[in-house]
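One file, my_file_14.csv, carrying CSV, C-alpha atoms:
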chain,number,residue,atom,x,y,z
Z,1,MET,CA,0.0,0.0,0.0
Z,2,ALA,CA,1.2,3.5,-0.8
Z,3,ALA,CA,2.4,5.7,2.0
Z,4,ASP,CA,-0.4,8.1,1.3
Z,5,ALA,CA,-3.9,6.9,2.0
Z,6,LEU,CA,-5.4,9.4,-0.5
Z,7,GLU,CA,-3.0,8.4,-3.3
Z,8,GLU,CA,-3.7,4.7,-2.6
Z,9,LEU,CA,-7.5,5.3,-2.7
Z,10,ILE,CA,-7.1,7.1,-6.1
Z,11,GLU,CA,-4.9,4.3,-7.4
Z,12,SER,CA,-7.4,1.6,-6.2
Z,13,LEU,CA,-10.4,3.4,-7.7
Z,14,LYS,CA,-8.6,3.3,-11.0
Z,15,LEU,CA,-9.0,-0.5,-10.9
Z,16,LEU,CA,-12.7,0.0,-11.6
Z,17,PRO,CA,-13.6,-0.4,-15.3
Z,18,GLY,CA,-13.8,2.9,-17.2
Z,19,VAL,CA,-12.2,4.9,-14.4
Z,20,GLY,CA,-9.1,6.9,-15.2
Z,21,ARG,CA,-6.9,9.1,-13.1
Z,22,LYS,CA,-9.3,12.2,-13.3
Z,23,THR,CA,-12.4,10.2,-12.5
Z,24,ALA,CA,-10.7,8.4,-9.7
Z,25,GLN,CA,-9.6,11.7,-8.2
Z,26,ARG,CA,-13.1,13.1,-8.4
Z,27,MET,CA,-14.5,9.9,-6.8
Z,28,ALA,CA,-11.9,10.0,-4.0
Z,29,PHE,CA,-12.6,13.6,-3.1
Z,30,ALA,CA,-16.4,13.1,-3.2
Z,31,LEU,CA,-16.1,10.1,-0.9
Z,32,LEU,CA,-14.0,12.1,1.6
Z,33,GLU,CA,-16.2,15.2,1.5
Z,34,GLY,CA,-18.7,15.1,4.4
Z,35,GLU,CA,-19.4,12.0,6.4
Z,36,ARG,CA,-17.4,8.8,5.9
Z,37,LEU,CA,-20.3,6.3,5.9
Z,38,PRO,CA,-20.5,5.8,2.1
Z,39,ALA,CA,-16.8,4.9,1.9
Z,40,GLN,CA,-17.2,2.5,4.8
Z,41,ARG,CA,-20.3,0.9,3.3
Z,42,LEU,CA,-18.5,0.4,-0.1
Z,43,SER,CA,-15.5,-0.9,1.7
Z,44,ARG,CA,-17.5,-3.5,3.5
Z,45,ALA,CA,-19.6,-4.5,0.4
Z,46,LEU,CA,-16.4,-5.1,-1.5
Z,47,ALA,CA,-14.8,-7.2,1.2
Z,48,ALA,CA,-18.0,-9.2,1.6
Z,49,ALA,CA,-18.4,-9.7,-2.1
Z,50,ALA,CA,-14.8,-10.7,-2.6
Z,51,GLU,CA,-15.1,-13.3,0.2
Z,52,ARG,CA,-18.6,-14.6,-0.2
Z,53,ILE,CA,-19.5,-14.6,-3.9
Z,54,ARG,CA,-18.6,-17.7,-5.9
Z,55,ARG,CA,-20.0,-19.7,-8.8
Z,56,CYS,CA,-23.1,-21.9,-8.6
Z,57,SER,CA,-21.9,-25.5,-8.9
Z,58,ARG,CA,-24.6,-26.2,-11.5
Z,59,CYS,CA,-24.9,-23.2,-13.7
Z,60,ARG,CA,-21.8,-21.1,-12.8
Z,61,ASN,CA,-23.9,-18.0,-12.1
Z,62,TYR,CA,-22.7,-15.9,-9.1
Z,63,CYS,CA,-24.1,-16.9,-5.8
Z,64,GLU,CA,-23.2,-17.3,-2.1
Z,65,ASP,CA,-24.2,-21.0,-1.7
Z,66,GLN,CA,-23.6,-24.2,-3.4
Z,67,LEU,CA,-26.5,-23.5,-5.8
Z,68,CYS,CA,-27.7,-20.1,-7.0
Z,69,ALA,CA,-31.3,-18.8,-6.4
Z,70,ILE,CA,-32.4,-19.7,-9.9
Z,71,CYS,CA,-31.2,-23.3,-9.7
Z,72,ARG,CA,-32.8,-23.7,-6.3
Z,73,ASN,CA,-36.1,-22.2,-7.3
Z,74,PRO,CA,-38.6,-25.1,-7.9
Z,75,GLN,CA,-40.8,-22.7,-9.9
Z,76,ARG,CA,-38.2,-22.4,-12.7
Z,77,SER,CA,-38.5,-25.0,-15.4
Z,78,ALA,CA,-35.6,-27.6,-15.6
Z,79,GLU,CA,-36.8,-28.2,-19.2
Z,80,ILE,CA,-35.2,-25.2,-20.8
Z,81,LEU,CA,-31.6,-24.0,-20.5
Z,82,CYS,CA,-30.4,-20.6,-21.6
Z,83,VAL,CA,-26.6,-20.4,-22.2
Z,84,VAL,CA,-25.1,-16.9,-21.7
Z,85,GLU,CA,-21.6,-15.5,-21.9
Z,86,SER,CA,-21.6,-13.6,-18.6
Z,87,PRO,CA,-23.6,-13.0,-15.4
Z,88,ALA,CA,-24.3,-9.5,-16.7
Z,89,ASP,CA,-26.1,-11.0,-19.7
Z,90,LEU,CA,-28.0,-13.3,-17.4
Z,91,HIS,CA,-29.0,-10.2,-15.3
Z,92,ALA,CA,-30.1,-8.4,-18.5
Z,93,LEU,CA,-32.3,-11.3,-19.6
Z,94,GLU,CA,-33.8,-11.7,-16.2
Z,95,GLN,CA,-34.7,-8.0,-16.1
Z,96,ALA,CA,-36.1,-7.8,-19.7
Z,97,THR,CA,-37.8,-11.1,-20.2
Z,98,GLY,CA,-40.3,-13.3,-18.3
Z,99,TYR,CA,-38.0,-16.4,-18.9
Z,100,GLY,CA,-38.9,-19.2,-16.5
Z,101,GLY,CA,-36.1,-21.7,-17.2
Z,102,ARG,CA,-32.6,-22.1,-16.0
Z,103,TYR,CA,-29.3,-20.7,-17.2
Z,104,PHE,CA,-25.7,-21.8,-17.9
Z,105,VAL,CA,-23.0,-19.1,-17.6
Z,106,LEU,CA,-19.9,-19.5,-19.7
Z,107,HIS,CA,-17.9,-16.6,-18.2
Z,108,GLY,CA,-16.4,-15.8,-21.6
Z,109,ARG,CA,-16.4,-17.0,-25.1
Z,110,LEU,CA,-14.1,-19.2,-27.2
Z,111,SER,CA,-11.0,-17.3,-27.9
Z,112,PRO,CA,-8.0,-19.7,-28.6
Z,113,LEU,CA,-5.6,-16.8,-29.0
Z,114,ASP,CA,-6.4,-15.6,-25.4
Z,115,GLY,CA,-6.2,-19.1,-24.1
Z,116,VAL,CA,-9.9,-19.5,-23.7
Z,117,GLY,CA,-11.0,-22.9,-24.8
Z,118,PRO,CA,-13.9,-25.3,-24.0
Z,119,ALA,CA,-12.4,-26.1,-20.6
Z,120,GLU,CA,-12.4,-22.4,-19.4
Z,121,LEU,CA,-16.0,-22.0,-20.4
Z,122,GLY,CA,-17.1,-25.1,-18.4
Z,123,LEU,CA,-18.4,-26.9,-21.5
Z,124,THR,CA,-17.6,-30.3,-20.0
Z,125,LEU,CA,-19.8,-29.3,-17.1
Z,126,LEU,CA,-22.5,-28.3,-19.6
Z,127,ALA,CA,-22.2,-31.6,-21.5
Z,128,ASP,CA,-22.5,-33.5,-18.2
Z,129,LEU,CA,-25.4,-31.4,-17.1
Z,130,LEU,CA,-27.3,-32.1,-20.3
Z,131,ALA,CA,-26.5,-35.8,-20.1
Z,132,ASP,CA,-27.7,-36.1,-16.5
Z,133,HIS,CA,-30.7,-33.8,-16.9
Z,134,PRO,CA,-31.8,-33.8,-20.5
Z,135,VAL,CA,-33.7,-30.6,-21.5
Z,136,SER,CA,-36.2,-30.1,-24.3
Z,137,GLU,CA,-34.7,-26.7,-25.5
Z,138,VAL,CA,-31.3,-25.0,-25.2
Z,139,ILE,CA,-31.4,-21.3,-25.9
Z,140,VAL,CA,-28.0,-20.1,-27.1
Z,141,ALA,CA,-27.8,-16.4,-26.1
Z,142,THR,CA,-24.1,-15.7,-26.9
Z,143,ASN,CA,-23.3,-12.3,-28.3
Z,144,PRO,CA,-23.5,-11.9,-32.1
Z,145,THR,CA,-19.7,-11.4,-32.5
Z,146,VAL,CA,-17.3,-13.7,-34.4
Z,147,GLU,CA,-16.2,-15.3,-31.1
Z,148,GLY,CA,-19.7,-15.5,-29.8
Z,149,GLU,CA,-20.8,-17.2,-33.0
Z,150,ALA,CA,-18.0,-19.8,-32.8
Z,151,THR,CA,-19.0,-20.4,-29.2
Z,152,ALA,CA,-22.6,-20.8,-30.2
Z,153,HIS,CA,-21.6,-23.4,-32.9
Z,154,PHE,CA,-19.8,-25.4,-30.3
Z,155,ILE,CA,-22.7,-25.3,-27.8
Z,156,THR,CA,-25.1,-26.3,-30.6
Z,157,GLU,CA,-23.1,-29.4,-31.1
Z,158,ILE,CA,-23.1,-30.3,-27.4
Z,159,ALA,CA,-26.8,-29.6,-27.1
Z,160,THR,CA,-27.8,-31.5,-30.2
Z,161,ALA,CA,-25.7,-34.5,-29.0
Z,162,GLY,CA,-27.8,-34.3,-25.8
Z,163,GLY,CA,-31.0,-34.5,-27.9
Z,164,ALA,CA,-32.2,-31.0,-27.2
Z,165,GLN,CA,-33.7,-28.5,-29.6
Z,166,VAL,CA,-31.4,-25.5,-30.1
Z,167,THR,CA,-32.7,-22.0,-30.5
Z,168,ARG,CA,-30.9,-18.6,-30.9
Z,169,LEU,CA,-32.0,-15.1,-30.0
Z,170,ALA,CA,-33.6,-13.3,-33.0
Z,171,HIS,CA,-31.6,-10.7,-34.9
Z,172,GLY,CA,-33.4,-7.7,-36.3
Z,173,ILE,CA,-34.1,-4.0,-36.0
Z,174,PRO,CA,-33.9,-2.8,-32.4
Z,175,VAL,CA,-37.4,-1.8,-31.1
Z,176,GLY,CA,-37.6,2.0,-31.5
Z,177,GLY,CA,-34.8,2.0,-34.0
Z,178,GLU,CA,-35.0,3.6,-37.4
Z,179,LEU,CA,-34.4,1.7,-40.6
Z,180,GLU,CA,-32.2,4.4,-41.9
Z,181,TYR,CA,-29.7,4.1,-39.1
Z,182,VAL,CA,-29.6,0.3,-38.7
Z,183,ASP,CA,-26.4,-1.2,-40.0
Z,184,ARG,CA,-26.6,-3.3,-43.2
Z,185,GLN,CA,-26.0,-6.7,-41.8
Z,186,THR,CA,-28.8,-6.2,-39.2
Z,187,LEU,CA,-31.1,-4.9,-41.9
Z,188,ALA,CA,-30.4,-7.8,-44.2
Z,189,HIS,CA,-31.1,-10.2,-41.3
Z,190,ALA,CA,-34.3,-8.4,-40.5
Z,191,PHE,CA,-35.4,-8.4,-44.1
Z,192,GLY,CA,-34.6,-12.1,-44.7
Z,193,GLY,CA,-36.2,-13.1,-41.5
Z,194,ARG,CA,-39.5,-11.1,-42.0
Z,195,LEU,CA,-42.6,-12.5,-40.4
Z,196,LYS,CA,-46.2,-12.9,-41.5
Z,197,VAL,CA,-48.5,-10.4,-39.8
N,1,MET,CA,-26.6,-4.8,4.5
N,2,ALA,CA,-28.8,-6.4,1.9
N,3,ALA,CA,-29.2,-10.2,2.0
N,4,ASP,CA,-27.4,-10.5,-1.3
N,5,ALA,CA,-23.7,-9.6,-1.4
N,6,LEU,CA,-23.9,-8.8,-5.1
N,7,GLU,CA,-26.9,-6.6,-4.8
N,8,GLU,CA,-25.3,-4.8,-1.9
N,9,LEU,CA,-22.1,-4.3,-3.9
N,10,ILE,CA,-24.1,-2.8,-6.8
N,11,GLU,CA,-26.0,-0.5,-4.4
N,12,SER,CA,-22.7,0.6,-2.7
N,13,LEU,CA,-21.0,1.4,-6.0
N,14,LYS,CA,-23.9,3.7,-6.8
N,15,LEU,CA,-22.7,5.9,-4.0
N,16,LEU,CA,-19.8,6.9,-6.2
N,17,PRO,CA,-20.4,10.2,-8.1
N,18,GLY,CA,-21.6,9.8,-11.7
N,19,VAL,CA,-22.3,6.1,-11.2
N,20,GLY,CA,-25.8,4.9,-11.9
N,21,ARG,CA,-27.3,1.4,-11.8
N,22,LYS,CA,-26.0,0.3,-15.2
N,23,THR,CA,-22.4,1.4,-14.5
N,24,ALA,CA,-22.5,0.0,-11.0
N,25,GLN,CA,-23.6,-3.4,-12.4
N,26,ARG,CA,-20.8,-3.3,-14.9
N,27,MET,CA,-18.2,-2.4,-12.2
N,28,ALA,CA,-19.5,-5.2,-9.9
N,29,PHE,CA,-19.3,-7.9,-12.5
N,30,ALA,CA,-15.9,-6.7,-13.6
N,31,LEU,CA,-14.6,-6.8,-10.0
N,32,LEU,CA,-15.9,-10.3,-9.5
N,33,GLU,CA,-14.6,-11.7,-12.8
N,34,GLY,CA,-11.2,-13.4,-12.3
N,35,GLU,CA,-9.2,-12.9,-9.2
N,36,ARG,CA,-10.5,-11.0,-6.2
N,37,LEU,CA,-7.4,-9.0,-5.4
N,38,PRO,CA,-8.6,-5.7,-7.0
N,39,ALA,CA,-11.8,-5.8,-4.9
N,40,GLN,CA,-9.9,-6.5,-1.7
N,41,ARG,CA,-7.4,-3.7,-2.4
N,42,LEU,CA,-10.1,-1.2,-3.1
N,43,SER,CA,-11.9,-2.3,0.1
N,44,ARG,CA,-8.8,-1.8,2.2
N,45,ALA,CA,-8.0,1.6,0.6
N,46,LEU,CA,-11.5,2.8,1.3
N,47,ALA,CA,-11.4,1.7,4.9
N,48,ALA,CA,-8.0,3.2,5.4
N,49,ALA,CA,-9.0,6.5,3.8
N,50,ALA,CA,-12.2,6.7,5.8
N,51,GLU,CA,-10.4,6.1,9.0
N,52,ARG,CA,-7.1,8.0,8.5
N,53,ILE,CA,-7.7,11.0,6.3
N,54,ARG,CA,-8.7,14.2,8.1
N,55,ARG,CA,-8.2,17.9,7.7
N,56,CYS,CA,-4.9,19.7,8.3
N,57,SER,CA,-5.4,21.9,11.4
N,58,ARG,CA,-3.8,24.8,9.6
N,59,CYS,CA,-5.0,24.8,6.0
N,60,ARG,CA,-7.9,22.2,6.0
N,61,ASN,CA,-6.3,20.2,3.2
N,62,TYR,CA,-6.7,16.4,3.5
N,63,CYS,CA,-3.9,14.7,5.4
N,64,GLU,CA,-3.2,12.0,7.9
N,65,ASP,CA,-1.4,14.0,10.5
N,66,GLN,CA,-2.0,17.2,12.4
N,67,LEU,CA,-0.4,19.2,9.6
N,68,CYS,CA,-0.5,18.4,5.9
N,69,ALA,CA,2.7,17.8,3.8
N,70,ILE,CA,2.5,21.3,2.3
N,71,CYS,CA,2.2,23.1,5.6
N,72,ARG,CA,5.0,20.9,7.1
N,73,ASN,CA,7.4,21.6,4.1
N,74,PRO,CA,9.9,24.2,5.1
N,75,GLN,CA,10.6,24.8,1.4
N,76,ARG,CA,7.2,26.3,0.8
N,77,SER,CA,6.9,30.0,1.4
N,78,ALA,CA,4.8,31.1,4.3
N,79,GLU,CA,4.5,34.5,2.7
N,80,ILE,CA,1.9,33.6,0.1
N,81,LEU,CA,-1.5,31.9,0.8
N,82,CYS,CA,-3.7,30.6,-2.0
N,83,VAL,CA,-7.4,30.1,-1.0
N,84,VAL,CA,-9.2,27.3,-2.9
N,85,GLU,CA,-12.7,25.9,-2.7
N,86,SER,CA,-11.8,22.2,-2.6
N,87,PRO,CA,-8.9,19.8,-2.2
N,88,ALA,CA,-9.5,18.9,-5.8
N,89,ASP,CA,-8.7,22.5,-6.8
N,90,LEU,CA,-5.6,22.4,-4.7
N,91,HIS,CA,-4.6,19.2,-6.4
N,92,ALA,CA,-5.2,20.7,-9.9
N,93,LEU,CA,-3.1,23.8,-9.0
N,94,GLU,CA,-0.3,21.7,-7.6
N,95,GLN,CA,-0.1,19.6,-10.8
N,96,ALA,CA,-0.4,22.6,-13.2
N,97,THR,CA,1.7,25.3,-11.5
N,98,GLY,CA,5.0,25.7,-9.8
N,99,TYR,CA,3.4,27.5,-6.9
N,100,GLY,CA,5.6,27.4,-3.9
N,101,GLY,CA,3.4,28.9,-1.2
N,102,ARG,CA,0.8,27.5,1.1
N,103,TYR,CA,-3.0,26.9,0.7
N,104,PHE,CA,-6.2,27.3,2.6
N,105,VAL,CA,-9.1,25.0,1.6
N,106,LEU,CA,-12.6,26.2,2.1
N,107,HIS,CA,-14.4,22.9,1.4
N,108,GLY,CA,-17.2,24.7,-0.3
N,109,ARG,CA,-18.4,28.2,-1.2
N,110,LEU,CA,-20.7,30.7,0.4
N,111,SER,CA,-24.3,29.5,-0.2
N,112,PRO,CA,-26.7,30.8,2.4
N,113,LEU,CA,-29.6,28.9,0.9
N,114,ASP,CA,-27.8,25.6,1.4
N,115,GLY,CA,-26.8,26.6,5.0
N,116,VAL,CA,-23.1,27.2,4.0
N,117,GLY,CA,-21.9,30.4,5.8
N,118,PRO,CA,-18.5,31.7,6.8
N,119,ALA,CA,-18.4,29.3,9.7
N,120,GLU,CA,-18.7,26.2,7.5
N,121,LEU,CA,-15.9,27.5,5.3
N,122,GLY,CA,-13.5,28.0,8.2
N,123,LEU,CA,-13.2,31.7,7.6
N,124,THR,CA,-12.7,32.3,11.3
N,125,LEU,CA,-9.7,30.0,11.1
N,126,LEU,CA,-8.5,31.9,8.0
N,127,ALA,CA,-8.8,35.3,9.8
N,128,ASP,CA,-6.9,33.9,12.8
N,129,LEU,CA,-4.2,32.4,10.6
N,130,LEU,CA,-3.7,35.7,8.8
N,131,ALA,CA,-3.6,37.6,12.1
N,132,ASP,CA,-1.1,35.2,13.6
N,133,HIS,CA,1.0,34.7,10.5
N,134,PRO,CA,0.7,37.8,8.3
N,135,VAL,CA,1.4,37.1,4.6
N,136,SER,CA,2.3,39.5,1.8
N,137,GLU,CA,-0.1,38.0,-0.8
N,138,VAL,CA,-3.4,36.1,-0.7
N,139,ILE,CA,-4.3,34.5,-4.0
N,140,VAL,CA,-8.1,34.0,-4.2
N,141,ALA,CA,-8.6,31.0,-6.4
N,142,THR,CA,-12.3,30.4,-6.0
N,143,ASN,CA,-14.3,29.3,-9.1
N,144,PRO,CA,-15.7,32.1,-11.3
N,145,THR,CA,-19.4,31.3,-10.4
N,146,VAL,CA,-21.8,33.6,-8.7
N,147,GLU,CA,-21.2,31.8,-5.3
N,148,GLY,CA,-17.5,31.7,-5.9
N,149,GLU,CA,-17.4,35.4,-6.6
N,150,ALA,CA,-19.4,36.1,-3.4
N,151,THR,CA,-16.9,34.0,-1.5
N,152,ALA,CA,-14.0,35.7,-3.1
N,153,HIS,CA,-15.4,39.1,-2.0
N,154,PHE,CA,-15.7,37.9,1.6
N,155,ILE,CA,-12.1,36.5,1.6
N,156,THR,CA,-10.8,39.8,0.0
N,157,GLU,CA,-12.2,41.7,3.0
N,158,ILE,CA,-10.6,39.3,5.5
N,159,ALA,CA,-7.3,39.4,3.7
N,160,THR,CA,-7.3,43.2,3.3
N,161,ALA,CA,-8.0,43.5,7.0
N,162,GLY,CA,-5.0,41.4,7.6
N,163,GLY,CA,-2.9,43.7,5.5
N,164,ALA,CA,-2.2,41.4,2.6
N,165,GLN,CA,-2.3,42.2,-1.0
N,166,VAL,CA,-5.1,40.2,-2.7
N,167,THR,CA,-4.8,38.7,-6.2
N,168,ARG,CA,-7.2,36.7,-8.4
N,169,LEU,CA,-6.6,34.1,-11.1
N,170,ALA,CA,-6.6,35.7,-14.6
N,171,HIS,CA,-9.7,35.2,-16.7
N,172,GLY,CA,-9.2,34.9,-20.5
N,173,ILE,CA,-9.2,32.7,-23.5
N,174,PRO,CA,-8.2,29.1,-22.6
N,175,VAL,CA,-4.8,28.1,-24.1
N,176,GLY,CA,-5.5,26.3,-27.3
N,177,GLY,CA,-9.1,27.6,-27.5
N,178,GLU,CA,-10.4,29.4,-30.5
N,179,LEU,CA,-11.9,32.9,-30.3
N,180,GLU,CA,-14.9,31.9,-32.2
N,181,TYR,CA,-16.0,29.3,-29.6
N,182,VAL,CA,-15.1,31.2,-26.5
N,183,ASP,CA,-18.2,32.5,-24.6
N,184,ARG,CA,-19.0,36.2,-24.7
N,185,GLN,CA,-18.2,37.0,-21.1
N,186,THR,CA,-14.8,35.4,-21.3
N,187,LEU,CA,-14.0,37.1,-24.5
N,188,ALA,CA,-15.0,40.5,-23.1
N,189,HIS,CA,-12.8,39.8,-20.1
N,190,ALA,CA,-9.9,38.8,-22.3
N,191,PHE,CA,-10.3,41.8,-24.5
N,192,GLY,CA,-10.6,44.2,-21.6
N,193,GLY,CA,-7.6,42.7,-19.8
N,194,ARG,CA,-5.4,42.7,-22.9
N,195,LEU,CA,-1.6,42.9,-22.2
N,196,LYS,CA,1.2,44.6,-23.8
N,197,VAL,CA,3.5,42.3,-25.8
Written form, structure tokens:
Amino acid sequence: MAADALEELIESLKLLPGVGRKTAQRMAFALLEGERLPAQRLSRALAAAAERIRRCSRCRNYCEDQLCAICRNPQRSAEILCVVESPADLHALEQATGYGGRYFVLHGRLSPLDGVGPAELGLTLLADLLADHPVSEVIVATNPTVEGEATAHFITEIATAGGAQVTRLAHGIPVGGELEYVDRQTLAHAFGGRLKV
Amino acid sequence: MAADALEELIESLKLLPGVGRKTAQRMAFALLEGERLPAQRLSRALAAAAERIRRCSRCRNYCEDQLCAICRNPQRSAEILCVVESPADLHALEQATGYGGRYFVLHGRLSPLDGVGPAELGLTLLADLLADHPVSEVIVATNPTVEGEATAHFITEIATAGGAQVTRLAHGIPVGGELEYVDRQTLAHAFGGRLKV
């Protein structure tokens, strides 16, 4: 730790994503102005999170027990499994959709150059899970990037081997978006995948 | 603390200035991904800062002892005093200028409607300081806002009573700025205060 508590605070705040020197300084001064309770609360929350949060042994989502709240919930269907790249994606789907099935969190995407292969993404665990508890549908919700597509392809093979039907999230024009400003690939996808009214 | 360590971490990160729900979520997930050392380091830095950092008894700058490093430094002239609104302003001046005198930090500006009067800004301490240790120059470096100007006026009276010469930071066109885009007031100031080459 640096000799100076203020300097160490600024350096530590720079560890947050998207926070540079200037922002870290502003945050540090704001935390020190007035009462110290916010800084203490954040300090405790960070320590508790670092110590207590781990991965669900079934779906690799963040949780504090052996199984996460979703895997423990008897109301959630064990018939459908949605595969996402990150806990943040899971969070986004939970907030936006009424999805009632379970998840599987990859914590990344296939990227051989960065040393991320099937093992790092827990795909053996996924294959075992699908073998032990066959599901009727696997929703592949990886991101529509090159690496996400490669990952999706891999998962599709595992899921098909397990006898599940595989679905992907629909591509198309964002709700509220204007045709004029939608990129070409998305527009081509939306046009090709047009639906009957 | 919330039952859920992740939710509590997100809520606590929202205490940082300029951080909303979305950014807090992104920060929380980034801190949990991979090893936990950054979260632990930030936790310790926050706890240490909240516990150890207090105000210098002479200039009200942040420090960990009775006197701050600037007030303790025998190399810094005790003949000049620069009055700033916040420790952040002090920091900015220290980084940009070669100023070799001391500071006085107000921790705010006069704002009667918000309950900030001379007492909250430590102006009694400032008057006592100038009485006990007369200086030749007081640089008033408050911000050029309405409240900053009112505060500057007040400080000028105190400093003049103490027999010091009072100076203000120069207003003008920002270095690298273009005349065309400078606001009217600044341009009028710069024009009125033009200097001989």
Quick one: of Z:Leu126, Z:Arg26, Z:Leu110, Z:Ser136, who's nearest to Ser77 of chain Z, counting all atoms listed in the file?
Z:Ser136
Considering only C-alpha atoms, can you say which of N:Ala5, N:Ala131, N:Ala30, N:Leu90 comes closest to Arg44 of chain Z?
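Answer, going by the shortest atom-to-atom distance: N:Ala5.
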Residue contacts of Gly172 of chain N (12 Å, all atoms listed in the file) excluding same-chain residues fewer than 5 positions away, as a PyMOL selection string
chain N and resi 144+177-179+182-195
Distance query Arg54 of chain N at most 9 Å, only C-alpha atoms, self and fewer than 5 positions along chain excluded, as a list in words:
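My reading of the contact set: Leu32 of chain Z; Ala49, Arg60, Asn61, Tyr62, Cys63, Glu64, Asp65 and Gln66 of chain N.
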Would you mind listing, as a PDB file with C-alpha atoms, in the coordinates of the input, all residues of chain N that have at least one atom within 10 Å of chain Z, where all atoms listed in the file are what counts?
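As written to disk, selection.pdb reads:
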ATOM      1  CA  MET N   1     -26.600  -4.800   4.500  1.00  0.00           C
ATOM      2  CA  ALA N   2     -28.800  -6.400   1.900  1.00  0.00           C
ATOM      3  CA  ASP N   4     -27.400 -10.500  -1.300  1.00  0.00           C
ATOM      4  CA  ALA N   5     -23.700  -9.600  -1.400  1.00  0.00           C
ATOM      5  CA  LEU N   6     -23.900  -8.800  -5.100  1.00  0.00           C
ATOM      6  CA  GLU N   7     -26.900  -6.600  -4.800  1.00  0.00           C
ATOM      7  CA  GLU N   8     -25.300  -4.800  -1.900  1.00  0.00           C
ATOM      8  CA  LEU N   9     -22.100  -4.300  -3.900  1.00  0.00           C
ATOM      9  CA  ILE N  10     -24.100  -2.800  -6.800  1.00  0.00           C
ATOM     10  CA  GLU N  11     -26.000  -0.500  -4.400  1.00  0.00           C
ATOM     11  CA  SER N  12     -22.700   0.600  -2.700  1.00  0.00           C
ATOM     12  CA  LEU N  13     -21.000   1.400  -6.000  1.00  0.00           C
ATOM     13  CA  LYS N  14     -23.900   3.700  -6.800  1.00  0.00           C
ATOM     14  CA  LEU N  15     -22.700   5.900  -4.000  1.00  0.00           C
ATOM     15  CA  LEU N  16     -19.800   6.900  -6.200  1.00  0.00           C
ATOM     16  CA  PRO N  17     -20.400  10.200  -8.100  1.00  0.00           C
ATOM     17  CA  GLY N  18     -21.600   9.800 -11.700  1.00  0.00           C
ATOM     18  CA  VAL N  19     -22.300   6.100 -11.200  1.00  0.00           C
ATOM     19  CA  THR N  23     -22.400   1.400 -14.500  1.00  0.00           C
ATOM     20  CA  ALA N  24     -22.500   0.000 -11.000  1.00  0.00           C
ATOM     21  CA  GLN N  25     -23.600  -3.400 -12.400  1.00  0.00           C
ATOM     22  CA  ARG N  26     -20.800  -3.300 -14.900  1.00  0.00           C
ATOM     23  CA  MET N  27     -18.200  -2.400 -12.200  1.00  0.00           C
ATOM     24  CA  ALA N  28     -19.500  -5.200  -9.900  1.00  0.00           C
ATOM     25  CA  PHE N  29     -19.300  -7.900 -12.500  1.00  0.00           C
ATOM     26  CA  ALA N  30     -15.900  -6.700 -13.600  1.00  0.00           C
ATOM     27  CA  LEU N  31     -14.600  -6.800 -10.000  1.00  0.00           C
ATOM     28  CA  LEU N  32     -15.900 -10.300  -9.500  1.00  0.00           C
ATOM     29  CA  GLU N  33     -14.600 -11.700 -12.800  1.00  0.00           C
ATOM     30  CA  GLY N  34     -11.200 -13.400 -12.300  1.00  0.00           C
ATOM     31  CA  GLU N  35      -9.200 -12.900  -9.200  1.00  0.00           C
ATOM     32  CA  ARG N  36     -10.500 -11.000  -6.200  1.00  0.00           C
ATOM     33  CA  LEU N  37      -7.400  -9.000  -5.400  1.00  0.00           C
ATOM     34  CA  PRO N  38      -8.600  -5.700  -7.000  1.00  0.00           C
ATOM     35  CA  ALA N  39     -11.800  -5.800  -4.900  1.00  0.00           C
ATOM     36  CA  GLN N  40      -9.900  -6.500  -1.700  1.00  0.00           C
ATOM     37  CA  ARG N  41      -7.400  -3.700  -2.400  1.00  0.00           C
ATOM     38  CA  LEU N  42     -10.100  -1.200  -3.100  1.00  0.00           C
ATOM     39  CA  SER N  43     -11.900  -2.300   0.100  1.00  0.00           C
ATOM     40  CA  ARG N  44      -8.800  -1.800   2.200  1.00  0.00           C
ATOM     41  CA  ALA N  45      -8.000   1.600   0.600  1.00  0.00           C
ATOM     42  CA  LEU N  46     -11.500   2.800   1.300  1.00  0.00           C
ATOM     43  CA  ALA N  47     -11.400   1.700   4.900  1.00  0.00           C
ATOM     44  CA  ALA N  48      -8.000   3.200   5.400  1.00  0.00           C
ATOM     45  CA  ALA N  49      -9.000   6.500   3.800  1.00  0.00           C
ATOM     46  CA  ALA N  50     -12.200   6.700   5.800  1.00  0.00           C
ATOM     47  CA  GLU N  51     -10.400   6.100   9.000  1.00  0.00           C
ATOM     48  CA  ARG N  52      -7.100   8.000   8.500  1.00  0.00           C
ATOM     49  CA  ILE N  53      -7.700  11.000   6.300  1.00  0.00           C
ATOM     50  CA  ARG N  54      -8.700  14.200   8.100  1.00  0.00           C
ATOM     51  CA  TYR N  62      -6.700  16.400   3.500  1.00  0.00           C
ATOM     52  CA  CYS N  63      -3.900  14.700   5.400  1.00  0.00           C
ATOM     53  CA  GLU N  64      -3.200  12.000   7.900  1.00  0.00           C
ATOM     54  CA  SER N  86     -11.800  22.200  -2.600  1.00  0.00           C
ATOM     55  CA  PRO N  87      -8.900  19.800  -2.200  1.00  0.00           C
ATOM     56  CA  ALA N  88      -9.500  18.900  -5.800  1.00  0.00           C
ATOM     57  CA  HIS N  91      -4.600  19.200  -6.400  1.00  0.00           C
ATOM     58  CA  HIS N 107     -14.400  22.900   1.400  1.00  0.00           C
ATOM     59  CA  GLY N 108     -17.200  24.700  -0.300  1.00  0.00           C
TER      60      GLY N 108
END
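Taking atom CA of Ala159 of chain Z and atom CA of Cys71 of chain Z as endpoints, the distance between them is 19.0 Å.
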Can you tell me how far atom CA of Ala141 of chain Z sits from atom CA of Val116 of chain Z, in Å to one decimal?
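The value is 18.3 Å.
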